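With mmCIF, C-alpha atoms and all ligand atoms inside, this is work.cif:
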data_target
#
loop_
_atom_site.group_PDB
_atom_site.id
_atom_site.type_symbol
_atom_site.label_atom_id
_atom_site.label_comp_id
_atom_site.auth_asym_id
_atom_site.auth_seq_id
_atom_site.Cartn_x
_atom_site.Cartn_y
_atom_site.Cartn_z
ATOM 1 C CA MET A 1428 -42.678 -49.931 -46.041
ATOM 2 C CA PRO A 1429 -41.363 -48.162 -42.892
ATOM 3 C CA LYS A 1430 -38.211 -46.107 -43.339
ATOM 4 C CA PHE A 1431 -35.267 -47.066 -41.119
ATOM 5 C CA LEU A 1432 -32.056 -45.155 -40.385
ATOM 6 C CA VAL A 1433 -29.110 -46.755 -38.564
ATOM 7 C CA VAL A 1434 -27.019 -44.080 -36.816
ATOM 8 C CA TYR A 1435 -23.818 -45.349 -35.224
ATOM 9 C CA TYR A 1436 -20.465 -44.371 -33.821
ATOM 10 C CA SER A 1437 -17.562 -46.815 -34.000
ATOM 11 C CA ARG A 1438 -13.962 -46.236 -32.947
ATOM 12 C CA THR A 1439 -12.482 -49.636 -33.793
ATOM 13 C CA GLY A 1440 -15.090 -51.266 -36.059
ATOM 14 C CA HIS A 1441 -17.195 -53.480 -33.768
ATOM 15 C CA THR A 1442 -20.279 -51.271 -33.706
ATOM 16 C CA GLU A 1443 -19.847 -50.624 -37.423
ATOM 17 C CA GLN A 1444 -19.923 -54.381 -38.086
ATOM 18 C CA VAL A 1445 -23.314 -54.655 -36.341
ATOM 19 C CA ALA A 1446 -24.628 -51.431 -37.920
ATOM 20 C CA LYS A 1447 -23.821 -52.631 -41.448
ATOM 21 C CA ALA A 1448 -25.373 -56.073 -40.880
ATOM 22 C CA LEU A 1449 -28.523 -54.431 -39.501
ATOM 23 C CA ALA A 1450 -28.787 -51.953 -42.361
ATOM 24 C CA GLU A 1451 -28.511 -54.785 -44.859
ATOM 25 C CA LYS A 1452 -31.218 -56.870 -43.136
ATOM 26 C CA LEU A 1453 -33.607 -53.927 -42.743
ATOM 27 C CA GLY A 1454 -32.889 -52.106 -46.008
ATOM 28 C CA ALA A 1455 -31.968 -49.122 -43.817
ATOM 29 C CA ASP A 1456 -29.923 -46.026 -44.591
ATOM 30 C CA LEU A 1457 -26.624 -45.704 -42.696
ATOM 31 C CA GLU A 1458 -25.352 -42.640 -40.847
ATOM 32 C CA PRO A 1459 -21.868 -43.025 -39.344
ATOM 33 C CA ILE A 1460 -21.151 -40.328 -36.747
ATOM 34 C CA ARG A 1461 -17.814 -38.822 -37.702
ATOM 35 C CA GLU A 1462 -15.330 -36.445 -36.101
ATOM 36 C CA LYS A 1463 -12.384 -34.554 -37.589
ATOM 37 C CA ARG A 1464 -9.937 -35.808 -34.930
ATOM 38 C CA SER A 1465 -8.916 -39.484 -34.798
ATOM 39 C CA ARG A 1466 -9.421 -41.469 -31.584
ATOM 40 C CA LEU A 1467 -6.999 -44.266 -32.403
ATOM 41 C CA GLY A 1468 -4.027 -44.989 -30.123
ATOM 42 C CA PHE A 1469 -3.541 -45.183 -26.386
ATOM 43 C CA LEU A 1470 -3.660 -41.446 -25.655
ATOM 44 C CA GLU A 1471 -6.896 -41.146 -27.597
ATOM 45 C CA TYR A 1472 -8.326 -44.132 -25.706
ATOM 46 C CA TRP A 1473 -7.512 -42.312 -22.496
ATOM 47 C CA ARG A 1474 -9.044 -39.042 -23.800
ATOM 48 C CA SER A 1475 -12.218 -40.913 -24.770
ATOM 49 C CA GLY A 1476 -12.552 -42.454 -21.321
ATOM 50 C CA ARG A 1477 -11.991 -39.089 -19.632
ATOM 51 C CA GLU A 1478 -14.542 -37.381 -21.899
ATOM 52 C CA SER A 1479 -17.050 -40.106 -21.167
ATOM 53 C CA PHE A 1480 -16.509 -39.886 -17.416
ATOM 54 C CA LEU A 1481 -16.781 -36.093 -17.384
ATOM 55 C CA GLY A 1482 -19.643 -35.918 -19.899
ATOM 56 C CA ILE A 1483 -17.689 -33.713 -22.325
ATOM 57 C CA LEU A 1484 -19.427 -33.665 -25.721
ATOM 58 C CA PRO A 1485 -17.125 -33.469 -28.760
ATOM 59 C CA THR A 1486 -17.826 -31.627 -32.011
ATOM 60 C CA ILE A 1487 -19.162 -34.031 -34.631
ATOM 61 C CA GLU A 1488 -19.469 -33.606 -38.376
ATOM 62 C CA PRO A 1489 -22.869 -32.537 -39.806
ATOM 63 C CA SER A 1490 -25.314 -35.421 -40.444
ATOM 64 C CA GLN A 1491 -26.001 -36.654 -43.965
ATOM 65 C CA HIS A 1492 -29.573 -37.799 -43.194
ATOM 66 C CA ASP A 1493 -32.416 -35.950 -41.458
ATOM 67 C CA PRO A 1494 -33.622 -38.341 -38.717
ATOM 68 C CA ALA A 1495 -37.071 -36.686 -38.766
ATOM 69 C CA GLY A 1496 -37.650 -38.283 -42.171
ATOM 70 C CA TYR A 1497 -37.519 -41.822 -40.742
ATOM 71 C CA ASP A 1498 -40.160 -43.909 -38.946
ATOM 72 C CA LEU A 1499 -37.495 -45.535 -36.757
ATOM 73 C CA VAL A 1500 -33.911 -44.520 -35.992
ATOM 74 C CA ILE A 1501 -31.685 -47.327 -34.724
ATOM 75 C CA LEU A 1502 -28.860 -45.969 -32.562
ATOM 76 C CA GLY A 1503 -25.620 -47.932 -32.134
ATOM 77 C CA SER A 1504 -22.675 -47.124 -29.861
ATOM 78 C CA PRO A 1505 -19.774 -48.751 -28.055
ATOM 79 C CA VAL A 1506 -19.944 -48.740 -24.253
ATOM 80 C CA TRP A 1507 -17.476 -46.227 -22.820
ATOM 81 C CA ALA A 1508 -17.103 -46.293 -19.030
ATOM 82 C CA SER A 1509 -20.653 -47.735 -18.790
ATOM 83 C CA GLN A 1510 -21.984 -44.831 -20.878
ATOM 84 C CA PRO A 1511 -22.801 -44.282 -24.555
ATOM 85 C CA SER A 1512 -19.716 -43.030 -26.442
ATOM 86 C CA THR A 1513 -19.403 -39.243 -26.349
ATOM 87 C CA PRO A 1514 -19.856 -38.818 -30.153
ATOM 88 C CA MET A 1515 -23.220 -40.643 -29.798
ATOM 89 C CA ARG A 1516 -24.101 -38.429 -26.847
ATOM 90 C CA ALA A 1517 -23.257 -35.383 -28.971
ATOM 91 C CA TYR A 1518 -25.462 -36.712 -31.800
ATOM 92 C CA LEU A 1519 -28.388 -37.247 -29.421
ATOM 93 C CA ALA A 1520 -27.985 -33.810 -27.857
ATOM 94 C CA ALA A 1521 -28.256 -32.290 -31.347
ATOM 95 C CA HIS A 1522 -31.043 -34.490 -32.758
ATOM 96 C CA ASN A 1523 -33.198 -35.828 -29.931
ATOM 97 C CA ASN A 1524 -36.113 -33.586 -30.926
ATOM 98 C CA LYS A 1525 -36.152 -35.123 -34.430
ATOM 99 C CA LEU A 1526 -36.528 -38.797 -33.518
ATOM 100 C CA ASN A 1527 -39.962 -40.327 -34.157
ATOM 101 C CA SER A 1528 -39.137 -43.689 -32.633
ATOM 102 C CA ILE A 1529 -35.887 -45.422 -31.595
ATOM 103 C CA ALA A 1530 -34.242 -48.799 -31.088
ATOM 104 C CA CYS A 1531 -30.766 -49.047 -29.504
ATOM 105 C CA PHE A 1532 -27.791 -51.389 -29.617
ATOM 106 C CA VAL A 1533 -24.329 -51.425 -28.057
ATOM 107 C CA THR A 1534 -21.093 -53.359 -28.419
ATOM 108 C CA LEU A 1535 -18.831 -53.794 -25.422
ATOM 109 C CA GLY A 1536 -15.992 -55.637 -23.741
ATOM 110 C CA GLY A 1537 -18.277 -57.180 -21.141
ATOM 111 C CA SER A 1538 -19.897 -54.815 -18.622
ATOM 112 C CA GLY A 1539 -22.290 -51.887 -18.670
ATOM 113 C CA ALA A 1540 -24.682 -52.797 -21.523
ATOM 114 C CA GLN A 1541 -27.991 -52.252 -19.718
ATOM 115 C CA LYS A 1542 -26.922 -48.988 -18.110
ATOM 116 C CA THR A 1543 -25.640 -47.684 -21.445
ATOM 117 C CA LEU A 1544 -28.819 -48.681 -23.307
ATOM 118 C CA ALA A 1545 -30.888 -46.909 -20.645
ATOM 119 C CA ARG A 1546 -28.717 -43.766 -20.949
ATOM 120 C CA MET A 1547 -29.164 -43.752 -24.730
ATOM 121 C CA ALA A 1548 -32.949 -43.841 -24.355
ATOM 122 C CA ASP A 1549 -32.764 -41.074 -21.714
ATOM 123 C CA ALA A 1550 -30.675 -38.911 -24.041
ATOM 124 C CA ALA A 1551 -33.059 -39.611 -26.931
ATOM 125 C CA GLY A 1552 -35.987 -38.610 -24.736
ATOM 126 C CA LYS A 1553 -38.036 -41.731 -25.429
ATOM 127 C CA PRO A 1554 -37.998 -45.468 -24.669
ATOM 128 C CA ALA A 1555 -36.438 -47.857 -27.182
ATOM 129 C CA ILE A 1556 -38.874 -50.250 -28.890
ATOM 130 C CA ALA A 1557 -36.084 -52.886 -28.945
ATOM 131 C CA THR A 1558 -32.520 -53.237 -27.645
ATOM 132 C CA PHE A 1559 -29.538 -55.432 -28.451
ATOM 133 C CA SER A 1560 -26.007 -55.846 -27.141
ATOM 134 C CA ALA A 1561 -23.007 -57.795 -28.428
ATOM 135 C CA THR A 1562 -19.748 -58.393 -26.581
ATOM 136 C CA GLU A 1563 -16.383 -58.473 -28.339
ATOM 137 C CA ARG A 1564 -16.304 -62.228 -27.669
ATOM 138 C CA GLU A 1565 -19.739 -62.757 -29.237
ATOM 139 C CA LEU A 1566 -18.632 -60.769 -32.270
ATOM 140 C CA LYS A 1567 -15.509 -62.924 -32.562
ATOM 141 C CA THR A 1568 -17.289 -66.280 -32.248
ATOM 142 C CA GLY A 1569 -20.376 -65.344 -34.287
ATOM 143 C CA ALA A 1570 -22.668 -65.866 -31.258
ATOM 144 C CA TRP A 1571 -24.123 -62.369 -31.774
ATOM 145 C CA MET A 1572 -26.038 -63.376 -34.904
ATOM 146 C CA GLU A 1573 -28.891 -65.036 -32.985
ATOM 147 C CA GLY A 1574 -29.462 -61.915 -30.881
ATOM 148 C CA LEU A 1575 -29.332 -59.802 -34.024
ATOM 149 C CA GLU A 1576 -32.119 -61.869 -35.618
ATOM 150 C CA GLN A 1577 -34.265 -61.352 -32.495
ATOM 151 C CA PHE A 1578 -33.541 -57.604 -32.588
ATOM 152 C CA VAL A 1579 -34.538 -57.430 -36.268
ATOM 153 C CA GLY A 1580 -37.687 -59.450 -35.457
ATOM 154 C CA ALA A 1581 -38.640 -57.044 -32.665
ATOM 155 C CA ILE A 1582 -38.114 -54.053 -34.992
ATOM 156 C CA THR A 1583 -40.093 -55.461 -37.911
ATOM 157 C CA GLY A 1584 -42.776 -57.115 -35.759
ATOM 158 C CA LYS A 1585 -41.900 -60.479 -37.289
ATOM 159 C CA GLY A 1586 -40.028 -61.829 -34.265
HETATM 160 C C1 LIG B 1 -12.793 -45.191 -23.588
HETATM 161 C C2 LIG B 1 -13.350 -46.585 -23.605
HETATM 162 C C3 LIG B 1 -14.079 -47.042 -22.512
HETATM 163 C C4 LIG B 1 -14.630 -48.354 -22.527
HETATM 164 N N1 LIG B 1 -15.391 -48.739 -21.448
HETATM 165 C C5 LIG B 1 -15.979 -49.981 -21.477
HETATM 166 C C6 LIG B 1 -16.846 -50.381 -20.410
HETATM 167 O O1 LIG B 1 -17.157 -49.647 -19.458
HETATM 168 N N2 LIG B 1 -17.362 -51.641 -20.465
HETATM 169 C C7 LIG B 1 -17.088 -52.515 -21.500
HETATM 170 O O2 LIG B 1 -17.597 -53.618 -21.480
HETATM 171 N N3 LIG B 1 -16.281 -52.136 -22.542
HETATM 172 C C8 LIG B 1 -15.738 -50.883 -22.562
HETATM 173 N N4 LIG B 1 -14.936 -50.482 -23.617
HETATM 174 C C9 LIG B 1 -14.729 -51.419 -24.749
HETATM 175 C C10 LIG B 1 -15.664 -51.086 -25.944
HETATM 176 O O3 LIG B 1 -17.007 -50.874 -25.526
HETATM 177 C C11 LIG B 1 -15.692 -52.225 -26.958
HETATM 178 O O4 LIG B 1 -14.381 -52.539 -27.368
HETATM 179 C C12 LIG B 1 -16.556 -51.875 -28.163
HETATM 180 O O5 LIG B 1 -16.932 -53.043 -28.847
HETATM 181 C C13 LIG B 1 -15.816 -50.963 -29.131
HETATM 182 O O6 LIG B 1 -16.648 -50.676 -30.214
HETATM 183 P P1 LIG B 1 -16.080 -49.998 -31.550
HETATM 184 O O7 LIG B 1 -15.098 -50.977 -32.147
HETATM 185 O O8 LIG B 1 -17.293 -49.847 -32.415
HETATM 186 O O9 LIG B 1 -15.446 -48.710 -31.190
HETATM 187 C C14 LIG B 1 -14.394 -49.207 -23.632
HETATM 188 C C15 LIG B 1 -13.649 -48.725 -24.718
HETATM 189 C C16 LIG B 1 -13.145 -47.435 -24.725
HETATM 190 C C17 LIG B 1 -12.389 -46.914 -25.926
#
Please express the file's structure as structure tokens.
Ligand SMILES: Cc1cc2nc3c(=O)[nH]c(=O)nc-3n(C[C@H](O)[C@H](O)[C@H](O)COP(=O)(O)O)c2cc1C
Amino acid sequence: MPKFLVVYYSRTGHTEQVAKALAEKLGADLEPIREKRSRLGFLEYWRSGRESFLGILPTIEPSQHDPAGYDLVILGSPVWASQPSTPMRAYLAAHNNKLNSIACFVTLGGSGAQKTLARMADAAGKPAIATFSATERELKTGAWMEGLEQFVGAITGKG
């Protein structure tokens, strides 16, 4: 049985919703990327956008799982200004030399998915074996579930 780790950052819960569903389907371990400082509220939204635009990497809490111990690490992030969120960028800067193989997913309002997925693979230093994106609308209506099944199929080779 391959070992899977789902590493994700989520500010308002969308990416976490996908990460948890994936972990359940794959029997994967979960690694939420955490920070000491909250990002909730308008000023923090603005700070996050500025950080993303300027490429400022925040300090994140130490990881609970060693990604080197997994066959595949699945990376999940919201899209911030058509980029991976800065906590995810900080995680990748710290761990990109420990990733055996990756798959990537993003959640978003509506624009920037492909660019963000490409940036995640660049930061990880290797191509993703599978990618997936879900918009806020798809998450609300349930339309994301079909794409999730395809993503799981591509990861497990049963798609
Ligand atoms: C600072 C910031 C920038 C964002 N930029 C984009 C963007 O460029 N394109 C987009 O479609 N959504 C953008 N969004 C919306 C988020 O990607 C979307 O709400 C996502 O699902 C949030 O995931 P989360 O709940 O896991 O934090 C942005 C959100 C924030 C906070």
At a cut-off of 6 Å, can you tabulate as CSV every residue of region 1464-1521 of chain A near region 1540-1554 of chain A together with its closest atom pair and the distance in Å to one decimal, using all atoms listed in the file and ordering rows by chain then number?
residue,atom,partner,partner_atom,distance
A:Ser1509,CA,A:Thr1543,CA,5.6
A:Gln1510,CA,A:Thr1543,CA,4.7
A:Pro1511,CA,A:Thr1543,CA,5.4
A:Leu1519,CA,A:Ala1551,CA,5.8
Write the residues of the selection above to a file with C-alpha atoms, as an mmCIF file, in the frame of the given file.
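Writing done, so here's selection_5.cif:
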data_model
loop_
_atom_site.group_PDB
_atom_site.id
_atom_site.type_symbol
_atom_site.label_atom_id
_atom_site.label_comp_id
_atom_site.auth_asym_id
_atom_site.auth_seq_id
_atom_site.Cartn_x
_atom_site.Cartn_y
_atom_site.Cartn_z
ATOM 1 C CA SER A 1509 -20.653 -47.735 -18.790
ATOM 2 C CA GLN A 1510 -21.984 -44.831 -20.878
ATOM 3 C CA PRO A 1511 -22.801 -44.282 -24.555
ATOM 4 C CA LEU A 1519 -28.388 -37.247 -29.421
#
**Study point:** Minimum-distance residue to Ala1495 (chain A), chosen among A:Glu1458, A:Leu1432, A:Val1533, A:Gly1440 (using all atoms listed in the file)
**Key:**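 Of A:Glu1458, A:Leu1432, A:Val1533, A:Gly1440, the one nearest Ala1495 (chain A) is A:Leu1432, counting all atoms listed in the file.
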Hey, could you pull the box centre and edge lengths for region 1558-1561 of chain A, axis-aligned, 3 Å padding per side, all listed atoms, to one decimal in Å, as JSON?
{"center_x": -27.8, "center_y": -55.5, "center_z": -27.8, "size_x": 15.5, "size_y": 10.6, "size_z": 7.3}
Please report, as CSV, each residue of chain A lying at most 6 Å from ligand LIG 1 (chain B), together with the nearest pair of atoms and the separation in Å rounded to one decimal; use only C-alpha atoms and all ligand atoms, and order rows by chain and ascending residue number.
residue,atom,partner,partner_atom,distance
A:Ser1437,CA,B:LIG1,O8,3.4
A:Arg1438,CA,B:LIG1,O9,3.4
A:Thr1439,CA,B:LIG1,O7,3.4
A:Gly1440,CA,B:LIG1,O7,3.9
A:His1441,CA,B:LIG1,O7,3.6
A:Thr1442,CA,B:LIG1,O8,3.6
A:Glu1443,CA,B:LIG1,O8,5.7
A:Tyr1472,CA,B:LIG1,C17,4.9
A:Ser1475,CA,B:LIG1,C1,4.5
A:Gly1476,CA,B:LIG1,C1,3.6
A:Pro1505,CA,B:LIG1,O6,4.3
A:Val1506,CA,B:LIG1,O3,3.8
A:Trp1507,CA,B:LIG1,C3,3.5
A:Ala1508,CA,B:LIG1,O1,3.4
A:Ser1509,CA,B:LIG1,O1,4.0
A:Thr1534,CA,B:LIG1,O5,4.2
A:Leu1535,CA,B:LIG1,O3,3.4
A:Gly1536,CA,B:LIG1,O2,3.4
A:Gly1537,CA,B:LIG1,O2,3.6
A:Ser1538,CA,B:LIG1,O2,3.9
A:Gly1539,CA,B:LIG1,N2,5.3
A:Glu1563,CA,B:LIG1,O5,5.5
Practice item. Find the residues with any atom within 7 Å of (-21.6, -36.1, -37.5); use only C-alpha atoms and the coordinates as given in the file, and write the answer as a PyMOL selection string. Key: chain A and resi 1460-1462+1487-1490+1518
Check your understanding: Given the choices A:Ala1448, A:Leu1484, A:Ile1582, A:Ala1561, which gets closest to Ser1528 (chain A) if the distance is worked out from all atoms listed in the file?
Key -> A:Ile1582
Point to revise | Between CA of Val1579 (chain A) and CA of Val1500 (chain A) - distance in Å to one decimal | key: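 CA of Val1579 (chain A) lies at a distance of 12.9 Å from CA of Val1500 (chain A).
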Exercise for review: Considering all atoms listed in the file, return as a ChimeraX atom specification whatever protein or nucleic-acid residues lie within 7 Å of Thr1513 (chain A), sequence-local ones (same chain, fewer than 6 positions apart) excluded.
Suggested key: /A:1478-1479,1484-1485
Writing out the chosen residues with C-alpha atoms as an mmCIF file, keeping the file's coordinate frame:
data_model
loop_
_atom_site.group_PDB
_atom_site.id
_atom_site.type_symbol
_atom_site.label_atom_id
_atom_site.label_comp_id
_atom_site.auth_asym_id
_atom_site.auth_seq_id
_atom_site.Cartn_x
_atom_site.Cartn_y
_atom_site.Cartn_z
ATOM 1 C CA GLU A 1478 -14.542 -37.381 -21.899
ATOM 2 C CA SER A 1479 -17.050 -40.106 -21.167
ATOM 3 C CA LEU A 1484 -19.427 -33.665 -25.721
ATOM 4 C CA PRO A 1485 -17.125 -33.469 -28.760
#
Point to revise | Point-to-point distance from CA of Leu1467 (chain A) to CA of Phe1431 (chain A), Å rounded to tenths | key: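 A separation of 29.7 Å between them.
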Practice item. Mind checking which residues fall within 7 Å of region 1576-1578 of chain A, counting all atoms listed in the file, ignoring those fewer than 4 positions away in the same chain, and posting them as a list in words? Key: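 My list of contacting residues is Ala1557, Thr1558, Phe1559, Met1572, Ile1582 and Gly1586 of chain A.
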Review point. Between CA of Ser1512 (chain A) and CA of Asn1524 (chain A), what is the distance, to one decimal in Å?
Key: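 That distance, rounded to one decimal, is 19.4 Å.
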**Study point:** Selection result for the PyMOL selection byres (((chain A and resi 1499) around 10) and not hetatm) on this file, as an MDAnalysis selection string
**Key:** chainID A and resid 1429:1433 1455 1494:1498 1500:1502 1526:1530 1555:1556 1582
Exercise for review: Choose the residue, out of A:Ala1517, A:Leu1457, A:Leu1566, A:Leu1449, that has the smallest atom-to-atom separation from Ile1483 (chain A); count only C-alpha atoms.
Suggested key: A:Ala1517
Exercise for review: Counting only C-alpha atoms, figure out which residue out of A:Thr1486, A:Ala1581, A:Arg1477, A:Asp1493 gets nearest to Met1515 (chain A).
Suggested key: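 Ranking A:Thr1486, A:Ala1581, A:Arg1477, A:Asp1493 by distance to Met1515 (chain A), first place goes to A:Thr1486.
When only C-alpha atoms are used to compute distances to Ser1465 (chain A), the closest of the residues A:Glu1451, A:Pro1514, A:Val1434, A:Cys1531 turns out to be A:Pro1514.
Of the listed residues A:Arg1466, A:Ser1560, A:Leu1575, A:Gly1584, the one whose atoms come nearest to Lys1452 (chain A) is A:Leu1575, with distances taken using all atoms listed in the file.
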